[in-house]
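S.K.: Could you have a look at this structure, given as structure tokens, before my questions?
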Amino acid sequence: MSLIRGRFRKAADKLVAEYTVSTHFDWRLYRQDIAGSIAHAKMLARQQIISEREAEAITEGLESIREEIAQDRFQFKTELEDIHMNIEARLIEKVGEVGGKLHTARSRNDQVTLDLRLFAKEAASDTLDSLRGLQRAIVGLAEANKSVVMPGYTHLQPAQPVLLAHHLLAYFEMLQRDVDRFCDCLRRVDVMPLGSGAVAGVAYDVDRDFLACELGFSRISQNSMDAVSDRDFVLDYEAAASLCMMHRSRLAEEIILWSSQEFGFIELDEAYATGSSIMPQKKNPDIAELVRGKTGRVYGRLTAMLVTMKALPLSYNRDLQEDKEGFFDTVDTLLSTLEVFTGMVSTIRVRTEDTERALKRGYILATDLADYLVKKGEAFRSAHGIVAGLVGYAGEKGRSFAELDLNEYKKFSPLFEEDVYSISVASSLAARNVVGGTAPGQVERALATAKKLMGEAEG
Ligand code: ARG
């Protein structure tokens, strides 16, 4: 007999069964489902709602089912709809009628959200581990190339010299905000919903705090209707994942640019590049491109879930079953992205020949020339105009600033003196000695702070 079709005389239509079934994806919740059920059985016994002996039989049955699923020996049945019913039916098959007592004081509505919360907690803490791994890789690459200078870009035009380490540490900052957001996810998902039942709460003397403690939650939900229909924690993760992917995609884009022949700033390790099937000379940054591509997919999952939720009346509605595939896919995509990304970043080789060549193009020290005039008394706005004229002049002559003689400088401003030739990439960097700036001392300090943060995360 079916466990859920008690009042119906007809069996579900085959198409309907196929349409509503979720076992092919929610089987992934089996460990969480069984952990939740074992805690529930233990609580029922403590509260004398079932006997100790019954709780033991249920627990043993559930443990052996966990083995069956883990070892791929479990027969999932479509007509049983989902992972919860499959496990319960198997339990009854194994331990007899006593298995039917497990669902006392519980509904699939509070059960499924418990399972998903447990899953989300694990996902968020795995994500935090991976984020820290990537932070270490970024800091490692920055440290290994501490003295490398490259153009800093605005509008993708060379703007001012920066240390490569400074550029990389910008991504460390983004990662740190990602870490914050996933910590926040963890804090908010940490609410135990059992006891909410189907909608109104359960009519038994349950001990919800005991359940929370057994299952590692620090709080219990305060409104049963909210608890069975709340999926904010899924959205929290998906939103954090979207921002996180956006950050990875930005660096992926730079890696794609930098590894092009036009930039030539880096070389990807062969293990993280692919060849072309027809052009033997190619070494393509496919991993970075896929990271960029998969970002769209993660945004899509977030959007889908927001739309699923937007017009749901309280409380549980079957629409909520649509939460899982997108969530699982988001977690899988993000975790695998972080893993390959970390490998790719840690094996990057920086090509200083080309970063140095790039610094020679584009009058990258123009701001420094303007600052020079300002220090000699010119107002910044007119200094800017003077240097703009100088850039035009030098450009026409096809010469760099260093190649102009002092008389030529003086045509633009009498304030120019011999010391204008001491303006260099090094002086430009050193001048930006402000917190958050690219002066070597500041970057050194930022690196130390980053390492300290990672040390704290480990300790
Ligand atoms: N498979 C369902 C889900 O994912 C479980 C809860 C079903 N509850 C119900 N009342 N039909 O949401």
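Residues in the structure tokens are numbered from 1 in each chain, the chains being A, B, ... in the order shown, and ligands are numbered from 1 in the order shown.
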Taking only C-alpha atoms and all ligand atoms into account, which residues are within 7 Å of ligand 1, as JSON, numbers by chain?

M.R.: {"A": [22, 81, 82, 108, 109, 112, 318, 320, 321]}

S.K.: With N, CA and C atoms retained, export the selected residues as a JSON list (two decimals), in the first residue's frame.

M.R.:
```json
[["chain", "number", "residue", "atom", "x", "y", "z"],
["A", 22, "SER", "N", 10.70, 13.40, -7.40],
["A", 22, "SER", "CA", 11.91, 14.21, -7.18],
["A", 22, "SER", "C", 13.10, 13.33, -6.76],
["A", 81, "GLU", "N", 7.64, 8.93, -4.83],
["A", 81, "GLU", "CA", 7.82, 10.38, -4.98],
["A", 81, "GLU", "C", 9.20, 10.94, -4.65],
["A", 82, "ASP", "N", 9.59, 10.79, -3.38],
["A", 82, "ASP", "CA", 10.80, 11.51, -3.00],
["A", 82, "ASP", "C", 11.67, 10.68, -2.05],
["A", 108, "ARG", "N", 6.34, 15.93, 6.11],
["A", 108, "ARG", "CA", 7.41, 16.10, 5.14],
["A", 108, "ARG", "C", 7.77, 17.57, 4.97],
["A", 109, "ASN", "N", 6.82, 18.43, 5.33],
["A", 109, "ASN", "CA", 7.09, 19.86, 5.14],
["A", 109, "ASN", "C", 8.19, 20.38, 6.06],
["A", 112, "VAL", "N", 11.59, 18.20, 5.00],
["A", 112, "VAL", "CA", 12.38, 18.55, 3.82],
["A", 112, "VAL", "C", 13.19, 19.83, 4.05],
["A", 318, "ARG", "N", 3.85, 22.96, -3.25],
["A", 318, "ARG", "CA", 4.74, 22.01, -3.93],
["A", 318, "ARG", "C", 5.75, 22.70, -4.84],
["A", 320, "LEU", "N", 7.80, 24.52, -4.01],
["A", 320, "LEU", "CA", 9.07, 24.56, -3.28],
["A", 320, "LEU", "C", 10.01, 23.41, -3.65],
["A", 321, "GLN", "N", 9.44, 22.36, -4.20],
["A", 321, "GLN", "CA", 10.29, 21.25, -4.64],
["A", 321, "GLN", "C", 11.28, 21.71, -5.72]]
```

S.K.: Using DSSP on the backbone, list every residue of segment 249-293 of chain A that comes out as strand (DSSP E or B), and give them as a VMD selection string.

M.R.: chain A and resid 266 to 267 274 284

S.K.: Next, the residues of the selection above should be written as a PDB file, in the first residue's frame with all heavy atoms.

M.R.:
```pdb
ATOM      1  N   ILE A 266      51.029  36.862 -18.758  1.00  0.00           N
ATOM      2  CA  ILE A 266      51.128  35.593 -18.020  1.00  0.00           C
ATOM      3  C   ILE A 266      51.129  34.424 -18.982  1.00  0.00           C
ATOM      4  O   ILE A 266      50.695  34.540 -20.136  1.00  0.00           O
ATOM      5  CB  ILE A 266      49.945  35.388 -17.031  1.00  0.00           C
ATOM      6  CG1 ILE A 266      48.600  35.416 -17.772  1.00  0.00           C
ATOM      7  CG2 ILE A 266      49.982  36.405 -15.903  1.00  0.00           C
ATOM      8  CD1 ILE A 266      47.436  34.926 -16.928  1.00  0.00           C
ATOM      9  N   GLU A 267      51.604  33.315 -18.447  1.00  0.00           N
ATOM     10  CA  GLU A 267      51.465  32.080 -19.200  1.00  0.00           C
ATOM     11  C   GLU A 267      50.765  31.073 -18.299  1.00  0.00           C
ATOM     12  O   GLU A 267      51.140  30.901 -17.132  1.00  0.00           O
ATOM     13  CB  GLU A 267      52.845  31.572 -19.617  1.00  0.00           C
ATOM     14  CG  GLU A 267      52.693  30.449 -20.586  1.00  0.00           C
ATOM     15  CD  GLU A 267      53.996  30.095 -21.296  1.00  0.00           C
ATOM     16  OE1 GLU A 267      54.917  30.944 -21.323  1.00  0.00           O
ATOM     17  OE2 GLU A 267      54.063  28.965 -21.791  1.00  0.00           O
ATOM     18  N   THR A 274      44.122  24.516 -22.985  1.00  0.00           N
ATOM     19  CA  THR A 274      43.793  23.461 -23.942  1.00  0.00           C
ATOM     20  C   THR A 274      44.293  23.858 -25.323  1.00  0.00           C
ATOM     21  O   THR A 274      44.504  25.035 -25.607  1.00  0.00           O
ATOM     22  CB  THR A 274      42.264  23.255 -24.017  1.00  0.00           C
ATOM     23  OG1 THR A 274      41.669  24.529 -24.156  1.00  0.00           O
ATOM     24  CG2 THR A 274      41.736  22.576 -22.788  1.00  0.00           C
ATOM     25  N   ASN A 284      44.769  27.676 -25.430  1.00  0.00           N
ATOM     26  CA  ASN A 284      43.561  28.438 -25.097  1.00  0.00           C
ATOM     27  C   ASN A 284      43.246  28.435 -23.595  1.00  0.00           C
ATOM     28  O   ASN A 284      43.405  27.409 -22.936  1.00  0.00           O
ATOM     29  CB  ASN A 284      42.364  27.860 -25.845  1.00  0.00           C
ATOM     30  CG  ASN A 284      42.511  28.015 -27.350  1.00  0.00           C
ATOM     31  OD1 ASN A 284      43.152  28.953 -27.826  1.00  0.00           O
ATOM     32  ND2 ASN A 284      41.931  27.086 -28.092  1.00  0.00           N
TER      33      ASN A 284
END
```

S.K.: Which of these residues is nearest to Lys294 of chain A, using only C-alpha atoms: A:Leu131, A:Ala241, A:Ala439, A:Ile220?

M.R.: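 Nearest to Lys294 of chain A: A:Ala241.
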
S.K.: Need the shell around Arg351 of chain A: protein/DNA/RNA residues with any atom at most 10 Å away, counting only C-alpha atoms. Skip same-chain ones fewer than 3 positions apart. Format as a ChimeraX atom specification?

M.R.: /A:148,258-259,263-267,348,354-356

S.K.: So which residues of segment 143-353 of chain A fall under helix (DSSP H, G or I) by DSSP, listed as a ChimeraX atom specification?

M.R.: /A:143-144,164-189,208-214,224-229,232-258,270-272,286-309,318-346,352-353

S.K.: Arg361 of chain A: which residues within 10 Å, counting only C-alpha atoms, same-chain residues fewer than 4 positions away excluded, as an MDAnalysis selection string?

M.R.: chainID A and resid 151 158 356:357 365 400

S.K.: Pull N, CA, C and O atoms from the residues just selected and write them as a PDB file, in the first residue's frame.

M.R.:
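Contents of again.pdb, freshly written:
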```pdb
ATOM      1  N   PRO A 151      50.958  47.934 -15.966  1.00  0.00           N
ATOM      2  CA  PRO A 151      50.049  49.074 -16.025  1.00  0.00           C
ATOM      3  C   PRO A 151      48.783  48.759 -15.229  1.00  0.00           C
ATOM      4  O   PRO A 151      48.277  47.639 -15.292  1.00  0.00           O
ATOM      5  N   PRO A 158      45.841  51.830 -20.482  1.00  0.00           N
ATOM      6  CA  PRO A 158      46.893  51.942 -19.464  1.00  0.00           C
ATOM      7  C   PRO A 158      46.765  53.278 -18.746  1.00  0.00           C
ATOM      8  O   PRO A 158      46.666  54.325 -19.396  1.00  0.00           O
ATOM      9  N   GLU A 356      56.883  44.701 -18.529  1.00  0.00           N
ATOM     10  CA  GLU A 356      57.790  45.857 -18.642  1.00  0.00           C
ATOM     11  C   GLU A 356      57.595  46.596 -19.958  1.00  0.00           C
ATOM     12  O   GLU A 356      57.576  47.829 -20.002  1.00  0.00           O
ATOM     13  N   ARG A 357      57.423  45.829 -21.009  1.00  0.00           N
ATOM     14  CA  ARG A 357      57.209  46.466 -22.315  1.00  0.00           C
ATOM     15  C   ARG A 357      55.919  47.302 -22.273  1.00  0.00           C
ATOM     16  O   ARG A 357      55.882  48.418 -22.785  1.00  0.00           O
ATOM     17  N   LEU A 365      53.194  57.637 -17.200  1.00  0.00           N
ATOM     18  CA  LEU A 365      53.620  58.508 -16.100  1.00  0.00           C
ATOM     19  C   LEU A 365      53.043  59.923 -16.226  1.00  0.00           C
ATOM     20  O   LEU A 365      53.485  60.856 -15.541  1.00  0.00           O
ATOM     21  N   SER A 400      59.038  59.083 -26.258  1.00  0.00           N
ATOM     22  CA  SER A 400      58.560  58.932 -24.883  1.00  0.00           C
ATOM     23  C   SER A 400      58.901  60.208 -24.110  1.00  0.00           C
ATOM     24  O   SER A 400      59.678  61.036 -24.603  1.00  0.00           O
TER      25      SER A 400
END
```

S.K.: If you count only C-alpha atoms, which residues fall within 9 Å of Val98 of chain A, apart from same-chain ones fewer than 6 positions away, as a ChimeraX atom specification?

M.R.: /A:54-55,57-58,91-92

S.K.: May I have the residues within 9 Å of Leu338 of chain A as a PyMOL selection string, using only C-alpha atoms and disregarding those fewer than 5 positions away in the same chain?

M.R.: chain A and resi 127+130-131+133-134+245+248+333+343

S.K.: Near Pro161 of chain A, counting only C-alpha atoms, which residues have an atom at most 9 Å away, once you skip same-chain residues fewer than 6 positions from it, shown as a list of chain:residue names?

M.R.: A:Val149, A:Met150, A:Pro151, A:Gly152, A:Tyr153, A:Leu359, A:Ile364, A:Leu365, A:Val425, A:Ala426, A:Ser428, A:Leu429, A:Thr438

S.K.: Output N, CA and C atoms of each residue in that selection to a file, as a JSON list (two decimals), in the first residue's frame.

M.R.:
```json
[["chain", "number", "residue", "atom", "x", "y", "z"],
["A", 149, "VAL", "N", 55.90, 45.01, -11.81],
["A", 149, "VAL", "CA", 55.07, 46.20, -12.03],
["A", 149, "VAL", "C", 54.36, 46.04, -13.37],
["A", 150, "MET", "N", 53.15, 46.51, -13.45],
["A", 150, "MET", "CA", 52.40, 46.45, -14.71],
["A", 150, "MET", "C", 51.54, 47.69, -14.82],
["A", 151, "PRO", "N", 50.96, 47.93, -15.97],
["A", 151, "PRO", "CA", 50.05, 49.07, -16.03],
["A", 151, "PRO", "C", 48.78, 48.76, -15.23],
["A", 152, "GLY", "N", 48.29, 49.74, -14.48],
["A", 152, "GLY", "CA", 46.95, 49.64, -13.93],
["A", 152, "GLY", "C", 46.04, 50.24, -14.99],
["A", 153, "TYR", "N", 44.90, 49.63, -15.22],
["A", 153, "TYR", "CA", 44.04, 50.09, -16.30],
["A", 153, "TYR", "C", 42.78, 50.77, -15.78],
["A", 359, "LEU", "N", 54.65, 48.84, -19.86],
["A", 359, "LEU", "CA", 54.80, 50.07, -19.08],
["A", 359, "LEU", "C", 55.38, 51.20, -19.93],
["A", 364, "ILE", "N", 52.35, 56.35, -19.42],
["A", 364, "ILE", "CA", 51.76, 55.91, -18.16],
["A", 364, "ILE", "C", 52.16, 56.79, -16.98],
["A", 365, "LEU", "N", 53.19, 57.64, -17.20],
["A", 365, "LEU", "CA", 53.62, 58.51, -16.10],
["A", 365, "LEU", "C", 53.04, 59.92, -16.23],
["A", 425, "VAL", "N", 58.88, 54.90, -13.12],
["A", 425, "VAL", "CA", 57.88, 53.94, -12.63],
["A", 425, "VAL", "C", 58.03, 53.76, -11.13],
["A", 426, "ALA", "N", 59.30, 53.65, -10.68],
["A", 426, "ALA", "CA", 59.53, 53.42, -9.25],
["A", 426, "ALA", "C", 59.06, 54.63, -8.43],
["A", 428, "SER", "N", 56.80, 56.74, -9.27],
["A", 428, "SER", "CA", 55.34, 56.79, -9.37],
["A", 428, "SER", "C", 54.70, 55.87, -8.33],
["A", 429, "LEU", "N", 55.23, 54.65, -8.23],
["A", 429, "LEU", "CA", 54.70, 53.69, -7.25],
["A", 429, "LEU", "C", 54.90, 54.23, -5.84],
["A", 438, "THR", "N", 49.34, 51.78, -4.08],
["A", 438, "THR", "CA", 50.22, 50.74, -4.63],
["A", 438, "THR", "C", 51.70, 50.91, -4.24]]
```

S.K.: Using only C-alpha atoms, which of the listed residues (A:Asn223, A:Ser424, A:Ser64, A:Ser336) sits closest to Val95 of chain A?

M.R.: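 Between A:Asn223, A:Ser424, A:Ser64, A:Ser336, the residue approaching Val95 of chain A most closely is A:Ser64.
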
S.K.: Which one of A:Leu373, A:Lys411, A:Ser260, A:Phe8 sits closest to Lys283 of chain A if you count only C-alpha atoms?

M.R.: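 Of A:Leu373, A:Lys411, A:Ser260, A:Phe8, the one nearest Lys283 of chain A is A:Ser260, counting only C-alpha atoms.
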